[in-house]
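Beneath this line is the structure, given in structure tokens, with notes to follow.
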Amino acid sequence: MRPASGPRQATLFQAWGARPALPEPPRRDEAEDDARLAAAALEAEAAGGVRAAASSPSALSSSPWPGGFVGGPAGGLWLFPAAGGGLEERGYQVRAARAALEANTLLCLPTGLGKTLVAAVVLHNFYRWFPAGRAVFLAPTKPLVAQQRDACARLIGLPRRHMAQMTGGTQVVDRKELWQNRRVFFLTPQIMVNDLSRGICPAAEIKCLVIDEAHKALGNHAYCQVVKELCKYTQQFRILALSATPGSDTKAVQQVISNLLISHIELCSEDSPEIQPYSYERLVEKCVVPLGEELSGMRAAYIQANLLSFRKSLRQCSL
């Protein structure tokens, strides 16, 4: 696979002017790291609380760092949920989250192995790092949009007052207000395309874009339109694409990579050793359902009609 070609995206680290080291997330048995992480988290949360009192993210005081990056101790750390409360630290998720913070990433994991957790971690860290920025989670259907919003709120505790779910039923004037006053958005790609074309989506302020069911990003799909439109306003945003099945063949996967400006792939197949402790063997039970009298009669009539037509064709050909 080739990295995406076309317009080159400057990394956020290049935009900040320096590439801060991203240390591994702290483990529970490392007291010193735990204390450092807690202090940075408290500082970030305190800063977020003060800024939340402003009328909108655009009204926040300007950051001394380029692009609105928060800098300081909070900017030098990235957070990953601590084990406990139903969560466990899985090496492949930690690795994928770190990679997705540093480069536009296509994350390919089998269903049920935690793609949403990785997405939530990436959203949360960009939410911390860019207090005046926006983070967007795109999903192809309204039920998936609602599901991902609830999952992210549950997994990493994003403040609901900073989150917004937008569908086709949300009026344009209401969406405009939400874009101005919220920071993390969950919506379908078509809604975002419409809002970008209307100029009500603050494209230049978007710092993180998560794309669910990314294998759909082919041709002129709305996912592709979103990325193209955003690139007209800014090159300083991170893309995380999620898919259990990235493509039916190499050509399709390459299209997804190119359309979504992917430069890194995180892949675990069902046979990958690192996911085996968290995978369960599927039990497939075959259940044969009889057609019943009515459907059996319809099938017999259909077969008879086709046989008569076939015989007639054979006679006409003197066969």
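Please note that chains go A, B, ... in the order of the structure tokens, that every chain numbers its residues from 1, and that ligands are numbered from 1 in the order shown.
Near region 115-127 of chain A, within 7 Å and counting only C-alpha atoms, sit Trp78, Leu79, Phe80, Gln93, Ala96, Ala97, Ala100, Leu101, Leu109, Ala135, Cys152, Leu155, Ile156, Lys207, Cys208, Val210 and Leu242 of chain A; same-chain residues fewer than 6 positions away were not included.
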May I have the selected residues written with all heavy atoms, as a CSV table (one decimal), in the first residue's frame?
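Output contents, as saved in out31.csv:
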```csv
chain,number,residue,atom,x,y,z
A,78,TRP,N,-0.3,12.5,26.5
A,78,TRP,CA,-1.6,12.1,26.0
A,78,TRP,C,-2.1,11.1,26.9
A,78,TRP,O,-1.4,10.3,27.6
A,78,TRP,CB,-1.4,11.5,24.6
A,78,TRP,CG,-0.6,10.2,24.5
A,78,TRP,CD1,0.8,10.0,24.6
A,78,TRP,CD2,-1.1,8.9,24.3
A,78,TRP,NE1,1.1,8.7,24.4
A,78,TRP,CE2,0.0,8.0,24.3
A,78,TRP,CE3,-2.4,8.4,24.1
A,78,TRP,CZ2,-0.1,6.6,24.1
A,78,TRP,CZ3,-2.5,7.0,23.9
A,78,TRP,CH2,-1.4,6.1,23.9
A,79,LEU,N,-3.5,11.1,27.1
A,79,LEU,CA,-4.2,10.3,28.1
A,79,LEU,C,-4.8,9.1,27.5
A,79,LEU,O,-5.4,9.1,26.4
A,79,LEU,CB,-5.2,11.1,28.8
A,79,LEU,CG,-4.7,12.5,29.4
A,79,LEU,CD1,-5.9,13.1,30.1
A,79,LEU,CD2,-3.6,12.3,30.3
A,80,PHE,N,-4.7,8.0,28.2
A,80,PHE,CA,-5.4,6.7,27.9
A,80,PHE,C,-6.1,6.2,29.1
A,80,PHE,O,-5.6,6.3,30.2
A,80,PHE,CB,-4.4,5.7,27.4
A,80,PHE,CG,-5.0,4.4,26.8
A,80,PHE,CD1,-5.2,4.4,25.4
A,80,PHE,CD2,-5.4,3.4,27.6
A,80,PHE,CE1,-5.8,3.3,24.8
A,80,PHE,CE2,-6.0,2.2,27.0
A,80,PHE,CZ,-6.2,2.2,25.6
A,93,GLN,N,-4.6,-1.7,21.4
A,93,GLN,CA,-5.3,-0.4,21.5
A,93,GLN,C,-4.4,0.8,21.8
A,93,GLN,O,-4.6,1.9,21.3
A,93,GLN,CB,-6.5,-0.5,22.5
A,93,GLN,CG,-7.6,-1.4,22.0
A,93,GLN,CD,-8.7,-1.5,23.1
A,93,GLN,OE1,-8.4,-1.7,24.3
A,93,GLN,NE2,-9.9,-1.5,22.6
A,96,ALA,N,-2.3,1.6,18.8
A,96,ALA,CA,-3.2,2.2,17.7
A,96,ALA,C,-3.5,3.6,18.1
A,96,ALA,O,-3.5,4.5,17.2
A,96,ALA,CB,-4.4,1.4,17.5
A,97,ALA,N,-3.8,3.9,19.4
A,97,ALA,CA,-4.1,5.3,19.8
A,97,ALA,C,-2.9,6.2,19.6
A,97,ALA,O,-3.1,7.3,19.1
A,97,ALA,CB,-4.6,5.3,21.2
A,100,ALA,N,-2.4,6.9,16.0
A,100,ALA,CA,-3.4,7.8,15.4
A,100,ALA,C,-3.2,9.2,15.9
A,100,ALA,O,-3.7,10.2,15.2
A,100,ALA,CB,-4.8,7.3,15.8
A,101,LEU,N,-2.5,9.5,17.0
A,101,LEU,CA,-2.3,10.8,17.4
A,101,LEU,C,-1.2,11.5,16.6
A,101,LEU,O,-1.1,12.7,16.4
A,101,LEU,CB,-1.8,10.9,18.9
A,101,LEU,CG,-2.9,10.5,19.9
A,101,LEU,CD1,-2.3,10.4,21.3
A,101,LEU,CD2,-4.1,11.5,19.9
A,109,LEU,N,-9.7,-3.4,12.7
A,109,LEU,CA,-9.8,-4.4,13.7
A,109,LEU,C,-11.1,-5.2,13.5
A,109,LEU,O,-12.1,-4.6,13.1
A,109,LEU,CB,-9.9,-3.7,15.1
A,109,LEU,CG,-8.6,-3.2,15.8
A,109,LEU,CD1,-9.0,-2.5,17.1
A,109,LEU,CD2,-7.6,-4.3,16.0
A,135,ALA,N,-13.6,18.7,17.2
A,135,ALA,CA,-13.4,17.3,16.8
A,135,ALA,C,-14.7,16.7,16.3
A,135,ALA,O,-15.8,17.0,16.8
A,135,ALA,CB,-12.9,16.5,18.0
A,152,CYS,N,-18.7,7.1,23.2
A,152,CYS,CA,-17.6,8.0,23.6
A,152,CYS,C,-17.8,8.7,24.9
A,152,CYS,O,-16.9,8.9,25.7
A,152,CYS,CB,-17.4,9.0,22.4
A,152,CYS,SG,-16.7,8.3,20.9
A,155,LEU,N,-17.1,6.1,27.6
A,155,LEU,CA,-15.7,5.5,27.7
A,155,LEU,C,-14.7,6.6,28.2
A,155,LEU,O,-13.8,6.2,29.0
A,155,LEU,CB,-15.2,5.1,26.3
A,155,LEU,CG,-15.9,3.8,25.8
A,155,LEU,CD1,-15.6,3.6,24.3
A,155,LEU,CD2,-15.5,2.6,26.6
A,156,ILE,N,-14.8,7.8,27.8
A,156,ILE,CA,-13.8,8.8,28.2
A,156,ILE,C,-14.4,10.0,28.9
A,156,ILE,O,-13.7,11.0,29.2
A,156,ILE,CB,-12.9,9.2,27.0
A,156,ILE,CG1,-13.6,9.4,25.7
A,156,ILE,CG2,-11.8,8.1,26.8
A,156,ILE,CD1,-14.1,10.7,25.5
A,207,LYS,N,-9.8,20.0,14.2
A,207,LYS,CA,-8.5,19.4,14.4
A,207,LYS,C,-8.4,17.9,14.4
A,207,LYS,O,-7.3,17.3,14.2
A,207,LYS,CB,-8.0,19.9,15.8
A,207,LYS,CG,-7.9,21.4,16.0
A,207,LYS,CD,-7.0,22.0,15.0
A,207,LYS,CE,-6.9,23.5,15.2
A,207,LYS,NZ,-6.0,24.2,14.2
A,208,CYS,N,-9.6,17.3,14.5
A,208,CYS,CA,-9.6,15.8,14.5
A,208,CYS,C,-10.9,15.3,13.8
A,208,CYS,O,-12.0,15.8,14.1
A,208,CYS,CB,-9.6,15.3,15.9
A,208,CYS,SG,-9.6,13.5,16.0
A,210,VAL,N,-12.8,11.7,12.8
A,210,VAL,CA,-12.9,10.3,12.9
A,210,VAL,C,-13.9,9.8,11.9
A,210,VAL,O,-15.0,10.4,11.9
A,210,VAL,CB,-13.2,9.8,14.4
A,210,VAL,CG1,-13.4,8.3,14.4
A,210,VAL,CG2,-12.2,10.3,15.3
A,242,LEU,N,-11.8,4.2,10.7
A,242,LEU,CA,-12.1,2.9,11.3
A,242,LEU,C,-12.8,1.9,10.4
A,242,LEU,O,-13.7,2.3,9.6
A,242,LEU,CB,-13.0,3.1,12.5
A,242,LEU,CG,-12.6,4.2,13.5
A,242,LEU,CD1,-13.7,4.4,14.6
A,242,LEU,CD2,-11.3,3.9,14.2
```
Residues of region 77-180 of chain A at most 9 Å from region 211-220 of chain A: nearest atom pair and distance in Å, only C-alpha atoms, as JSON lines:
```
{"residue": "A:Leu106", "atom": "CA", "partner": "A:Ala214", "partner_atom": "CA", "distance": 8.2}
{"residue": "A:Thr116", "atom": "CA", "partner": "A:Asp212", "partner_atom": "CA", "distance": 8.8}
{"residue": "A:Val136", "atom": "CA", "partner": "A:Ile211", "partner_atom": "CA", "distance": 8.5}
{"residue": "A:Phe137", "atom": "CA", "partner": "A:Ile211", "partner_atom": "CA", "distance": 6.1}
{"residue": "A:Leu138", "atom": "CA", "partner": "A:Ile211", "partner_atom": "CA", "distance": 5.0}
{"residue": "A:Ala139", "atom": "CA", "partner": "A:Asp212", "partner_atom": "CA", "distance": 5.0}
{"residue": "A:Pro140", "atom": "CA", "partner": "A:Glu213", "partner_atom": "CA", "distance": 7.2}
{"residue": "A:Leu144", "atom": "CA", "partner": "A:Asp212", "partner_atom": "CA", "distance": 8.8}
```
Quote the spacing between CA of His221 (chain A) and CA of Leu261 (chain A) in Å to one decimal place. 14.7 Å
Need to verify the contact set: Phe130 (chain A), 8 Å, only C-alpha atoms, exclusion of same-chain residues closer than 6 positions in sequence. Can you return it as an mmCIF file with N, CA, C and O atoms, in the first residue's frame?
```cif
data_model
loop_
_atom_site.group_PDB
_atom_site.id
_atom_site.type_symbol
_atom_site.label_atom_id
_atom_site.label_comp_id
_atom_site.auth_asym_id
_atom_site.auth_seq_id
_atom_site.Cartn_x
_atom_site.Cartn_y
_atom_site.Cartn_z
ATOM 1 N N GLY A 68 -3.520 26.992 17.990
ATOM 2 C CA GLY A 68 -4.364 26.867 19.165
ATOM 3 C C GLY A 68 -3.968 25.743 20.094
ATOM 4 O O GLY A 68 -4.718 25.392 21.004
ATOM 5 N N PHE A 69 -2.790 25.136 19.884
ATOM 6 C CA PHE A 69 -2.329 24.041 20.734
ATOM 7 C C PHE A 69 -2.112 24.542 22.151
ATOM 8 O O PHE A 69 -1.541 25.606 22.378
ATOM 9 N N VAL A 70 -2.558 23.756 23.146
ATOM 10 C CA VAL A 70 -2.554 24.209 24.529
ATOM 11 C C VAL A 70 -1.147 24.338 25.098
ATOM 12 O O VAL A 70 -0.881 25.184 25.943
ATOM 13 N N LYS A 207 -9.789 19.990 14.150
ATOM 14 C CA LYS A 207 -8.465 19.445 14.422
ATOM 15 C C LYS A 207 -8.422 17.927 14.355
ATOM 16 O O LYS A 207 -7.343 17.348 14.222
#
```
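Remark: for Glu89 (chain A), the closest of the candidate residues A:Tyr278, A:Phe310, A:Tyr223, A:Phe185 is A:Tyr278 (distances computed over only C-alpha atoms).
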Backbone-only DSSP, helix (DSSP H, G or I) members of region 208-287 of chain A, as an MDAnalysis selection string: chainID A and resid 214:216 222:231 250:259 273:278
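Remark: for Arg198 (chain A), the closest of the candidate residues A:Val172, A:Leu178, A:Leu87, A:Met166 is A:Val172 (distances computed over only C-alpha atoms).
Within region 116-219 of chain A, DSSP run on the backbone puts these residues in strand (DSSP E): A:Arg134, A:Ala135, A:Val136, A:Phe137, A:Leu138, A:Met163, A:Ala164, A:Gln165, A:Met166, A:Val184, A:Phe185, A:Phe186, A:Leu187, A:Ile206, A:Lys207, A:Cys208, A:Leu209, A:Val210, A:Ile211.
Taking CA of Met298 (chain A) and CA of Lys286 (chain A) as endpoints, the distance between them is 24.5 Å.
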